[in-house]
Structures are given as C-alpha cells and as structure tokens.
$ cat entry03.cif   # mmCIF, N, CA and C atoms
data_my_file
loop_
_atom_site.label_atom_id
_atom_site.label_comp_id
_atom_site.auth_asym_id
_atom_site.auth_seq_id
_atom_site.Cartn_x
_atom_site.Cartn_y
_atom_site.Cartn_z
N MET B 90 0.86 -1.17 0.00
CA MET B 90 0.00 0.00 0.00
C MET B 90 0.90 1.23 0.00
N ASN B 91 0.59 2.18 -0.88
CA ASN B 91 1.38 3.41 -0.89
C ASN B 91 0.76 4.44 0.06
N LEU B 92 1.45 5.54 0.24
CA LEU B 92 1.02 6.55 1.20
C LEU B 92 -0.32 7.16 0.82
N ASN B 93 -0.56 7.41 -0.44
CA ASN B 93 -1.84 7.98 -0.86
C ASN B 93 -3.00 7.04 -0.58
N GLN B 94 -2.79 5.76 -0.79
CA GLN B 94 -3.83 4.77 -0.49
C GLN B 94 -4.10 4.71 1.01
N ALA B 95 -3.04 4.74 1.80
CA ALA B 95 -3.19 4.72 3.26
C ALA B 95 -3.92 5.97 3.72
N ALA B 96 -3.57 7.11 3.16
CA ALA B 96 -4.22 8.37 3.54
C ALA B 96 -5.70 8.32 3.23
N ALA B 97 -6.06 7.77 2.09
CA ALA B 97 -7.48 7.66 1.72
C ALA B 97 -8.22 6.73 2.69
N LEU B 98 -7.60 5.62 3.02
CA LEU B 98 -8.21 4.66 3.93
C LEU B 98 -8.41 5.28 5.33
N LEU B 99 -7.46 6.10 5.75
CA LEU B 99 -7.51 6.71 7.07
C LEU B 99 -8.21 8.08 7.08
N GLU B 100 -8.76 8.47 5.92
CA GLU B 100 -9.43 9.76 5.79
C GLU B 100 -8.52 10.92 6.21
N MET B 101 -7.29 10.84 5.78
CA MET B 101 -6.26 11.80 6.13
C MET B 101 -6.10 12.84 5.02
N ASN B 102 -6.02 14.11 5.40
CA ASN B 102 -5.68 15.15 4.44
C ASN B 102 -4.15 15.17 4.37
N LEU B 103 -3.62 14.44 3.42
CA LEU B 103 -2.18 14.21 3.34
C LEU B 103 -1.38 15.48 3.15
N ASN B 104 -1.83 16.36 2.24
CA ASN B 104 -1.08 17.59 1.99
C ASN B 104 -1.01 18.47 3.23
N GLU B 105 -2.14 18.61 3.91
CA GLU B 105 -2.19 19.42 5.13
C GLU B 105 -1.30 18.81 6.22
N THR B 106 -1.35 17.50 6.35
CA THR B 106 -0.57 16.83 7.38
C THR B 106 0.92 16.96 7.11
N ILE B 107 1.33 16.71 5.90
CA ILE B 107 2.76 16.82 5.57
C ILE B 107 3.24 18.25 5.74
N SER B 108 2.37 19.22 5.50
CA SER B 108 2.79 20.62 5.69
C SER B 108 3.15 20.90 7.15
N ARG B 109 2.56 20.16 8.10
CA ARG B 109 2.92 20.31 9.52
C ARG B 109 4.35 19.86 9.78
N PHE B 110 4.89 19.08 8.87
CA PHE B 110 6.25 18.58 8.98
C PHE B 110 7.17 19.33 8.02
N GLY B 111 6.84 20.58 7.78
CA GLY B 111 7.64 21.42 6.91
C GLY B 111 7.65 20.95 5.47
N GLY B 112 6.62 20.20 5.09
CA GLY B 112 6.55 19.68 3.72
C GLY B 112 7.48 18.49 3.49
N ASN B 113 8.08 17.99 4.55
CA ASN B 113 9.04 16.90 4.44
C ASN B 113 8.34 15.55 4.63
N GLU B 114 8.06 14.86 3.53
CA GLU B 114 7.34 13.60 3.59
C GLU B 114 8.12 12.53 4.36
N LYS B 115 9.43 12.51 4.20
CA LYS B 115 10.23 11.51 4.91
C LYS B 115 10.17 11.72 6.42
N LEU B 116 10.19 12.96 6.85
CA LEU B 116 10.07 13.25 8.28
C LEU B 116 8.71 12.82 8.80
N PHE B 117 7.66 13.14 8.04
CA PHE B 117 6.31 12.71 8.40
C PHE B 117 6.25 11.20 8.54
N LEU B 118 6.78 10.48 7.57
CA LEU B 118 6.75 9.02 7.60
C LEU B 118 7.52 8.46 8.79
N ARG B 119 8.61 9.12 9.14
CA ARG B 119 9.39 8.67 10.30
C ARG B 119 8.52 8.69 11.56
N PHE B 120 7.75 9.76 11.74
CA PHE B 120 6.88 9.87 12.91
C PHE B 120 5.66 8.95 12.79
N LEU B 121 5.08 8.88 11.60
CA LEU B 121 3.89 8.04 11.39
C LEU B 121 4.20 6.58 11.69
N THR B 122 5.32 6.10 11.22
CA THR B 122 5.66 4.68 11.40
C THR B 122 6.03 4.34 12.84
N ARG B 123 6.19 5.32 13.68
CA ARG B 123 6.46 5.07 15.10
C ARG B 123 5.19 4.85 15.91
N LEU B 124 4.03 5.20 15.35
CA LEU B 124 2.79 5.09 16.11
C LEU B 124 2.55 3.69 16.68
N PRO B 125 2.73 2.61 15.92
CA PRO B 125 2.44 1.29 16.50
C PRO B 125 3.28 0.96 17.74
N GLN B 126 4.44 1.57 17.90
CA GLN B 126 5.28 1.31 19.07
C GLN B 126 5.07 2.33 20.18
N ASP B 127 4.25 3.33 19.94
CA ASP B 127 4.02 4.37 20.95
C ASP B 127 3.32 3.75 22.15
N ALA B 128 3.80 4.06 23.34
CA ALA B 128 3.28 3.46 24.58
C ALA B 128 2.00 4.12 25.08
N THR B 129 1.59 5.22 24.49
CA THR B 129 0.46 5.97 25.01
C THR B 129 -0.84 5.17 24.99
N PHE B 130 -1.09 4.42 23.92
CA PHE B 130 -2.32 3.63 23.88
C PHE B 130 -2.31 2.56 24.97
N GLN B 131 -1.16 1.94 25.20
CA GLN B 131 -1.05 0.94 26.26
C GLN B 131 -1.32 1.59 27.63
N GLN B 132 -0.82 2.80 27.83
CA GLN B 132 -1.07 3.52 29.08
C GLN B 132 -2.56 3.81 29.24
N LEU B 133 -3.20 4.19 28.14
CA LEU B 133 -4.65 4.43 28.16
C LEU B 133 -5.40 3.15 28.54
N SER B 134 -5.01 2.05 27.96
CA SER B 134 -5.65 0.76 28.25
C SER B 134 -5.49 0.39 29.72
N GLN B 135 -4.30 0.59 30.25
CA GLN B 135 -4.05 0.28 31.66
C GLN B 135 -4.86 1.19 32.57
N ALA B 136 -4.94 2.46 32.22
CA ALA B 136 -5.73 3.40 33.03
C ALA B 136 -7.21 3.02 33.00
N MET B 137 -7.71 2.61 31.85
CA MET B 137 -9.10 2.17 31.77
C MET B 137 -9.32 0.93 32.63
N ALA B 138 -8.43 -0.03 32.55
CA ALA B 138 -8.57 -1.28 33.31
C ALA B 138 -8.58 -1.04 34.82
N SER B 139 -7.81 -0.05 35.26
CA SER B 139 -7.73 0.23 36.70
C SER B 139 -8.66 1.36 37.13
N GLU B 140 -9.48 1.83 36.20
CA GLU B 140 -10.41 2.94 36.47
C GLU B 140 -9.70 4.17 37.05
N ASP B 141 -8.53 4.43 36.49
CA ASP B 141 -7.74 5.62 36.84
C ASP B 141 -8.17 6.73 35.87
N TRP B 142 -9.20 7.47 36.28
CA TRP B 142 -9.81 8.43 35.35
C TRP B 142 -8.87 9.57 35.00
N LYS B 143 -8.04 10.01 35.92
CA LYS B 143 -7.05 11.05 35.59
C LYS B 143 -6.04 10.50 34.58
N GLY B 144 -5.64 9.24 34.76
CA GLY B 144 -4.75 8.60 33.81
C GLY B 144 -5.39 8.44 32.44
N VAL B 145 -6.69 8.11 32.44
CA VAL B 145 -7.43 8.02 31.17
C VAL B 145 -7.42 9.38 30.48
N GLU B 146 -7.73 10.42 31.24
CA GLU B 146 -7.75 11.77 30.67
C GLU B 146 -6.39 12.14 30.10
N ASN B 147 -5.33 11.91 30.87
CA ASN B 147 -3.99 12.29 30.42
C ASN B 147 -3.55 11.50 29.20
N SER B 148 -3.76 10.20 29.23
CA SER B 148 -3.33 9.37 28.10
C SER B 148 -4.15 9.67 26.84
N ALA B 149 -5.45 9.81 27.00
CA ALA B 149 -6.31 10.13 25.85
C ALA B 149 -5.95 11.49 25.27
N HIS B 150 -5.63 12.44 26.14
CA HIS B 150 -5.25 13.77 25.67
C HIS B 150 -3.92 13.72 24.91
N THR B 151 -2.97 12.97 25.42
CA THR B 151 -1.68 12.83 24.75
C THR B 151 -1.86 12.15 23.39
N LEU B 152 -2.62 11.07 23.37
CA LEU B 152 -2.84 10.34 22.12
C LEU B 152 -3.61 11.20 21.12
N LYS B 153 -4.50 12.03 21.62
CA LYS B 153 -5.24 12.95 20.73
C LYS B 153 -4.27 13.88 20.03
N GLY B 154 -3.30 14.41 20.76
CA GLY B 154 -2.31 15.30 20.16
C GLY B 154 -1.45 14.61 19.12
N VAL B 155 -1.02 13.40 19.43
CA VAL B 155 -0.23 12.62 18.47
C VAL B 155 -1.05 12.38 17.21
N ALA B 156 -2.30 11.95 17.40
CA ALA B 156 -3.17 11.67 16.25
C ALA B 156 -3.41 12.92 15.41
N ALA B 157 -3.62 14.04 16.07
CA ALA B 157 -3.87 15.29 15.35
C ALA B 157 -2.66 15.68 14.51
N ASN B 158 -1.48 15.58 15.09
CA ASN B 158 -0.26 15.93 14.35
C ASN B 158 -0.03 15.01 13.17
N LEU B 159 -0.45 13.75 13.29
CA LEU B 159 -0.26 12.78 12.22
C LEU B 159 -1.42 12.75 11.22
N GLY B 160 -2.44 13.56 11.46
CA GLY B 160 -3.57 13.62 10.54
C GLY B 160 -4.53 12.46 10.67
N LEU B 161 -4.48 11.75 11.80
CA LEU B 161 -5.35 10.59 12.03
C LEU B 161 -6.62 11.07 12.72
N GLU B 162 -7.52 11.59 11.93
CA GLU B 162 -8.70 12.27 12.46
C GLU B 162 -9.65 11.35 13.22
N GLN B 163 -9.84 10.13 12.76
CA GLN B 163 -10.73 9.21 13.48
C GLN B 163 -10.21 8.95 14.89
N LEU B 164 -8.92 8.73 15.00
CA LEU B 164 -8.31 8.51 16.32
C LEU B 164 -8.35 9.79 17.15
N ARG B 165 -8.10 10.90 16.51
CA ARG B 165 -8.14 12.18 17.21
C ARG B 165 -9.51 12.42 17.86
N TRP B 166 -10.56 12.24 17.09
CA TRP B 166 -11.91 12.53 17.60
C TRP B 166 -12.35 11.50 18.63
N ALA B 167 -11.92 10.26 18.48
CA ALA B 167 -12.25 9.25 19.48
C ALA B 167 -11.59 9.59 20.82
N CYS B 168 -10.33 10.00 20.77
CA CYS B 168 -9.63 10.39 22.00
C CYS B 168 -10.25 11.65 22.60
N ASP B 169 -10.62 12.58 21.76
CA ASP B 169 -11.23 13.82 22.24
C ASP B 169 -12.52 13.52 22.99
N ALA B 170 -13.30 12.58 22.48
CA ALA B 170 -14.55 12.21 23.15
C ALA B 170 -14.28 11.61 24.52
N MET B 171 -13.21 10.84 24.64
CA MET B 171 -12.85 10.27 25.95
C MET B 171 -12.43 11.36 26.92
N VAL B 172 -11.62 12.29 26.46
CA VAL B 172 -11.18 13.39 27.32
C VAL B 172 -12.39 14.19 27.81
N THR B 173 -13.28 14.50 26.91
CA THR B 173 -14.48 15.27 27.26
C THR B 173 -15.34 14.51 28.26
N ALA B 174 -15.51 13.23 28.05
CA ALA B 174 -16.33 12.42 28.97
C ALA B 174 -15.76 12.42 30.38
N VAL B 175 -14.44 12.29 30.49
CA VAL B 175 -13.82 12.32 31.82
C VAL B 175 -14.01 13.68 32.46
N ARG B 176 -13.75 14.73 31.70
CA ARG B 176 -13.85 16.09 32.24
C ARG B 176 -15.27 16.45 32.65
N GLN B 177 -16.24 15.87 31.96
CA GLN B 177 -17.65 16.14 32.30
C GLN B 177 -18.24 15.07 33.21
N GLU B 178 -17.37 14.20 33.71
CA GLU B 178 -17.75 13.13 34.64
C GLU B 178 -18.86 12.22 34.10
N ARG B 179 -18.79 11.96 32.80
CA ARG B 179 -19.71 11.02 32.16
C ARG B 179 -18.99 9.68 32.02
N LEU B 180 -18.58 9.14 33.16
CA LEU B 180 -17.72 7.96 33.19
C LEU B 180 -18.40 6.71 32.63
N GLN B 181 -19.71 6.64 32.70
CA GLN B 181 -20.43 5.48 32.18
C GLN B 181 -20.27 5.35 30.67
N GLU B 182 -19.90 6.44 30.00
CA GLU B 182 -19.72 6.41 28.54
C GLU B 182 -18.34 5.90 28.13
N LEU B 183 -17.42 5.85 29.08
CA LEU B 183 -16.04 5.54 28.73
C LEU B 183 -15.82 4.16 28.11
N PRO B 184 -16.48 3.10 28.55
CA PRO B 184 -16.24 1.82 27.89
C PRO B 184 -16.54 1.84 26.39
N SER B 185 -17.64 2.44 25.99
CA SER B 185 -17.95 2.48 24.56
C SER B 185 -17.03 3.45 23.81
N LEU B 186 -16.66 4.53 24.46
CA LEU B 186 -15.73 5.48 23.83
C LEU B 186 -14.35 4.86 23.70
N TYR B 187 -13.96 4.09 24.70
CA TYR B 187 -12.67 3.40 24.63
C TYR B 187 -12.67 2.40 23.47
N ALA B 188 -13.77 1.68 23.30
CA ALA B 188 -13.86 0.71 22.21
C ALA B 188 -13.67 1.39 20.85
N LYS B 189 -14.23 2.58 20.68
CA LYS B 189 -14.06 3.33 19.43
C LYS B 189 -12.62 3.78 19.27
N THR B 190 -12.01 4.21 20.37
CA THR B 190 -10.61 4.63 20.33
C THR B 190 -9.71 3.45 19.99
N GLU B 191 -9.97 2.33 20.62
CA GLU B 191 -9.18 1.13 20.36
C GLU B 191 -9.29 0.72 18.89
N GLN B 192 -10.48 0.77 18.35
CA GLN B 192 -10.71 0.42 16.94
C GLN B 192 -9.94 1.38 16.03
N ALA B 193 -10.04 2.67 16.28
CA ALA B 193 -9.34 3.66 15.46
C ALA B 193 -7.83 3.49 15.54
N PHE B 194 -7.33 3.19 16.74
CA PHE B 194 -5.89 2.99 16.92
C PHE B 194 -5.43 1.77 16.14
N HIS B 195 -6.16 0.67 16.24
CA HIS B 195 -5.76 -0.56 15.55
C HIS B 195 -5.85 -0.41 14.03
N VAL B 196 -6.87 0.26 13.55
CA VAL B 196 -6.97 0.49 12.10
C VAL B 196 -5.79 1.32 11.62
N ALA B 197 -5.45 2.36 12.37
CA ALA B 197 -4.30 3.21 12.00
C ALA B 197 -3.01 2.38 12.00
N CYS B 198 -2.80 1.60 13.05
CA CYS B 198 -1.57 0.80 13.14
C CYS B 198 -1.49 -0.24 12.03
N GLN B 199 -2.59 -0.92 11.76
CA GLN B 199 -2.60 -1.93 10.70
C GLN B 199 -2.31 -1.30 9.34
N THR B 200 -2.88 -0.15 9.11
CA THR B 200 -2.66 0.55 7.84
C THR B 200 -1.20 0.99 7.72
N ILE B 201 -0.67 1.54 8.79
CA ILE B 201 0.73 1.99 8.78
C ILE B 201 1.66 0.81 8.53
N GLN B 202 1.38 -0.31 9.14
CA GLN B 202 2.24 -1.49 8.98
C GLN B 202 2.17 -2.06 7.56
N GLN B 203 1.14 -1.71 6.80
CA GLN B 203 1.02 -2.19 5.43
C GLN B 203 1.67 -1.24 4.42
N LEU B 204 2.18 -0.12 4.91
CA LEU B 204 2.83 0.84 4.01
C LEU B 204 4.07 0.23 3.37
N GLU B 205 4.21 0.44 2.11
CA GLU B 205 5.43 0.03 1.39
C GLU B 205 6.31 1.25 1.28
N LEU B 206 7.33 1.28 2.13
CA LEU B 206 8.20 2.47 2.17
C LEU B 206 9.42 2.30 1.30
#

$ encode --input "entry03.cif" --output "structure tokens"
Amino acid sequence: MNLNQAAALLEMNLNETISRFGGNEKLFLRFLTRLPQDATFQQLSQAMASEDWKGVENSAHTLKGVAANLGLEQLRWACDAMVTAVRQERLQELPSLYAKTEQAFHVACQTIQQLEL
C-alpha cells in the first residue's frame, strides 16, 4: 500500500498533514511509522482497566495530540470524546468510547504497517 492509499483509507488530508512537517514527507513518515510502538495507547488501556480516570484523561489527551499531528482524524476525535467524557464526569460512557478509540488505533496501526516504504 502506498502513502496515498493509506491516507485515503484513514481519511487523512495528506497535503495538510505533511505541511505540519515542513513539507518533508520523509520526516512525516518517520513519525507516522512510530505510532504502532508508541506506549500511550497501552497507558490508556491500563488506566481504563484500573479505572484511573485522571490517567485516562492524560493518556487520551496525549494520544489525541499525536493523532492530530499525524492527521489521524478518526483517532483524534475518538480520544477527544474520551477526554471530554472524563472532564464532564460522564464515566459510564467511557467503555464504549474506549472501544471506538481502540478500533481507530488498531486500524491506524494496521494501515501503517502495510505501508510500502
């Protein structure tokens, strides 16, 4: 899969995203391909499992920023919904919001791992 195909699958505005990296596609790819090894999602999962709501908020907020910088809008919005739910104390919504975040993260990682660089 090439980068344009991956961007289409992930609903990514590729030109806008690469412009955040000074127009340097190789730099963008260096950061994008690191996402599957990023520990933030694992931290989010652990915080959810232990019902550490501050940890959930912090990890989801961090992952939201990473996703936004990489142009991964589905993951960005899923994380944003989790952050908002914690801040508004709508904790009963977190399991379903986490499931959406987990799905978006896995789709992004699977797509990235299929890139032919």

$ atom_distance --input "entry03.cif" --atom1 "atom CA of Lys153 of chain B" --atom2 "atom CA of Gln135 of chain B"
16.8 Å

$ closest_residue --input "entry03.cif" --among "B:Val145, B:Leu103, B:Leu124, B:Ile201" --to "Leu180 of chain B" --atoms "only C-alpha atoms"
B:Val145

$ residues_around --input "entry03.cif" --residues "Gly160 of chain B" --least-positions-apart "5" --cutoff "6 Å" --atoms "only N, CA and C atoms" --output "PyMOL selection string"
chain B and resi 101-102+106

$ atom_distance --input "entry03.cif" --atom1 "atom CA of Met90 of chain B" --atom2 "atom CA of Thr200 of chain B"
8.3 Å

$ closest_residue --input "entry03.cif" --among "B:Ala170, B:Val155, B:Ala197, B:Leu204" --to "Leu92 of chain B" --atoms "all atoms listed in the file"
B:Leu204

$ closest_residue --input "entry03.cif" --among "B:Thr151, B:Gln181, B:Thr173, B:Gln203" --to "Phe130 of chain B" --atoms "all atoms listed in the file"
B:Thr151

$ resolve_selection --input "entry03.cif" --expression "the PyMOL selection byres (((chain B and resi 189 and name CA) around 12) and name CA)" --output "list in words"
Gln163, Leu164, Arg165, Trp166, Ala167, Cys168, Asp169, Ala170, Met171, Glu182, Leu183, Pro184, Ser185, Leu186, Tyr187, Ala188, Thr190, Glu191, Gln192, Ala193, Phe194, His195 and Val196 of chain B

$ residues_around --input "entry03.cif" --residues "Asp127 of chain B" --least-positions-apart "2" --cutoff "12 Å" --atoms "only C-alpha atoms" --output "PyMOL selection string"
chain B and resi 120-125+129-133+148+151-152+155-156+194+198

$ decode --input "entry03.cif" --residues "segment 112-125 of chain B" --atoms "all heavy atoms" --output "JSON list (two decimals), in the first residue's frame"
[["chain", "number", "residue", "atom", "x", "y", "z"],
["B", 112, "GLY", "N", 6.62, 20.20, 5.09],
["B", 112, "GLY", "CA", 6.55, 19.68, 3.72],
["B", 112, "GLY", "C", 7.48, 18.49, 3.49],
["B", 112, "GLY", "O", 7.61, 18.03, 2.37],
["B", 113, "ASN", "N", 8.08, 17.99, 4.55],
["B", 113, "ASN", "CA", 9.04, 16.90, 4.44],
["B", 113, "ASN", "C", 8.34, 15.55, 4.63],
["B", 113, "ASN", "O", 8.06, 15.13, 5.76],
["B", 113, "ASN", "CB", 10.14, 17.10, 5.50],
["B", 113, "ASN", "CG", 11.28, 16.12, 5.36],
["B", 113, "ASN", "OD1", 11.11, 15.00, 4.89],
["B", 113, "ASN", "ND2", 12.45, 16.55, 5.80],
["B", 114, "GLU", "N", 8.06, 14.86, 3.53],
["B", 114, "GLU", "CA", 7.34, 13.60, 3.59],
["B", 114, "GLU", "C", 8.12, 12.53, 4.36],
["B", 114, "GLU", "O", 7.53, 11.74, 5.10],
["B", 114, "GLU", "CB", 7.05, 13.11, 2.17],
["B", 114, "GLU", "CG", 6.21, 11.85, 2.13],
["B", 114, "GLU", "CD", 5.84, 11.44, 0.72],
["B", 114, "GLU", "OE1", 5.35, 12.28, -0.05],
["B", 114, "GLU", "OE2", 6.06, 10.24, 0.40],
["B", 115, "LYS", "N", 9.43, 12.51, 4.20],
["B", 115, "LYS", "CA", 10.23, 11.51, 4.91],
["B", 115, "LYS", "C", 10.17, 11.72, 6.42],
["B", 115, "LYS", "O", 10.10, 10.75, 7.18],
["B", 115, "LYS", "CB", 11.68, 11.53, 4.42],
["B", 115, "LYS", "CG", 11.84, 10.96, 3.04],
["B", 115, "LYS", "CD", 13.28, 10.93, 2.61],
["B", 115, "LYS", "CE", 13.36, 10.37, 1.19],
["B", 115, "LYS", "NZ", 14.73, 10.23, 0.73],
["B", 116, "LEU", "N", 10.19, 12.96, 6.85],
["B", 116, "LEU", "CA", 10.07, 13.25, 8.28],
["B", 116, "LEU", "C", 8.71, 12.82, 8.80],
["B", 116, "LEU", "O", 8.59, 12.18, 9.85],
["B", 116, "LEU", "CB", 10.30, 14.74, 8.54],
["B", 116, "LEU", "CG", 10.20, 15.19, 10.00],
["B", 116, "LEU", "CD1", 11.28, 14.53, 10.85],
["B", 116, "LEU", "CD2", 10.33, 16.72, 10.07],
["B", 117, "PHE", "N", 7.66, 13.14, 8.04],
["B", 117, "PHE", "CA", 6.31, 12.71, 8.40],
["B", 117, "PHE", "C", 6.25, 11.20, 8.54],
["B", 117, "PHE", "O", 5.73, 10.66, 9.53],
["B", 117, "PHE", "CB", 5.30, 13.21, 7.37],
["B", 117, "PHE", "CG", 3.98, 12.51, 7.44],
["B", 117, "PHE", "CD1", 3.15, 12.67, 8.54],
["B", 117, "PHE", "CD2", 3.56, 11.67, 6.41],
["B", 117, "PHE", "CE1", 1.93, 12.00, 8.61],
["B", 117, "PHE", "CE2", 2.35, 11.01, 6.48],
["B", 117, "PHE", "CZ", 1.54, 11.18, 7.59],
["B", 118, "LEU", "N", 6.78, 10.48, 7.57],
["B", 118, "LEU", "CA", 6.75, 9.02, 7.60],
["B", 118, "LEU", "C", 7.52, 8.46, 8.79],
["B", 118, "LEU", "O", 7.13, 7.45, 9.37],
["B", 118, "LEU", "CB", 7.28, 8.44, 6.30],
["B", 118, "LEU", "CG", 6.34, 8.53, 5.11],
["B", 118, "LEU", "CD1", 7.05, 8.16, 3.82],
["B", 118, "LEU", "CD2", 5.12, 7.65, 5.33],
["B", 119, "ARG", "N", 8.61, 9.12, 9.14],
["B", 119, "ARG", "CA", 9.39, 8.67, 10.30],
["B", 119, "ARG", "C", 8.52, 8.69, 11.56],
["B", 119, "ARG", "O", 8.53, 7.76, 12.35],
["B", 119, "ARG", "CB", 10.62, 9.54, 10.49],
["B", 119, "ARG", "CG", 11.55, 9.00, 11.54],
["B", 119, "ARG", "CD", 12.84, 9.76, 11.71],
["B", 119, "ARG", "NE", 13.34, 10.36, 10.49],
["B", 119, "ARG", "CZ", 14.00, 11.51, 10.46],
["B", 119, "ARG", "NH1", 14.23, 12.18, 11.56],
["B", 119, "ARG", "NH2", 14.44, 12.00, 9.32],
["B", 120, "PHE", "N", 7.75, 9.76, 11.74],
["B", 120, "PHE", "CA", 6.88, 9.87, 12.91],
["B", 120, "PHE", "C", 5.66, 8.95, 12.79],
["B", 120, "PHE", "O", 5.26, 8.30, 13.76],
["B", 120, "PHE", "CB", 6.43, 11.32, 13.13],
["B", 120, "PHE", "CG", 7.50, 12.15, 13.78],
["B", 120, "PHE", "CD1", 8.40, 12.86, 13.01],
["B", 120, "PHE", "CD2", 7.62, 12.19, 15.16],
["B", 120, "PHE", "CE1", 9.40, 13.62, 13.61],
["B", 120, "PHE", "CE2", 8.60, 12.95, 15.78],
["B", 120, "PHE", "CZ", 9.50, 13.66, 14.99],
["B", 121, "LEU", "N", 5.08, 8.88, 11.60],
["B", 121, "LEU", "CA", 3.89, 8.04, 11.39],
["B", 121, "LEU", "C", 4.20, 6.58, 11.69],
["B", 121, "LEU", "O", 3.42, 5.90, 12.36],
["B", 121, "LEU", "CB", 3.39, 8.19, 9.95],
["B", 121, "LEU", "CG", 2.13, 7.42, 9.60],
["B", 121, "LEU", "CD1", 0.93, 7.98, 10.37],
["B", 121, "LEU", "CD2", 1.88, 7.46, 8.10],
["B", 122, "THR", "N", 5.32, 6.10, 11.22],
["B", 122, "THR", "CA", 5.66, 4.68, 11.40],
["B", 122, "THR", "C", 6.03, 4.34, 12.84],
["B", 122, "THR", "O", 6.13, 3.16, 13.19],
["B", 122, "THR", "CB", 6.79, 4.25, 10.45],
["B", 122, "THR", "OG1", 7.93, 5.09, 10.65],
["B", 122, "THR", "CG2", 6.32, 4.33, 9.00],
["B", 123, "ARG", "N", 6.19, 5.32, 13.68],
["B", 123, "ARG", "CA", 6.46, 5.07, 15.10],
["B", 123, "ARG", "C", 5.19, 4.85, 15.91],
["B", 123, "ARG", "O", 5.25, 4.38, 17.05],
["B", 123, "ARG", "CB", 7.23, 6.24, 15.71],
["B", 123, "ARG", "CG", 8.65, 6.35, 15.23],
["B", 123, "ARG", "CD", 9.34, 7.51, 15.90],
["B", 123, "ARG", "NE", 10.70, 7.66, 15.38],
["B", 123, "ARG", "CZ", 11.43, 8.71, 15.58],
["B", 123, "ARG", "NH1", 10.96, 9.73, 16.28],
["B", 123, "ARG", "NH2", 12.64, 8.78, 15.07],
["B", 124, "LEU", "N", 4.03, 5.20, 15.35],
["B", 124, "LEU", "CA", 2.79, 5.09, 16.11],
["B", 124, "LEU", "C", 2.55, 3.69, 16.68],
["B", 124, "LEU", "O", 2.19, 3.58, 17.85],
["B", 124, "LEU", "CB", 1.58, 5.54, 15.27],
["B", 124, "LEU", "CG", 0.25, 5.46, 16.02],
["B", 124, "LEU", "CD1", 0.18, 6.54, 17.10],
["B", 124, "LEU", "CD2", -0.90, 5.60, 15.06],
["B", 125, "PRO", "N", 2.73, 2.61, 15.92],
["B", 125, "PRO", "CA", 2.44, 1.29, 16.50],
["B", 125, "PRO", "C", 3.28, 0.96, 17.74],
["B", 125, "PRO", "O", 2.85, 0.17, 18.58],
["B", 125, "PRO", "CB", 2.76, 0.32, 15.35],
["B", 125, "PRO", "CG", 2.53, 1.14, 14.12],
["B", 125, "PRO", "CD", 3.01, 2.53, 14.48]]
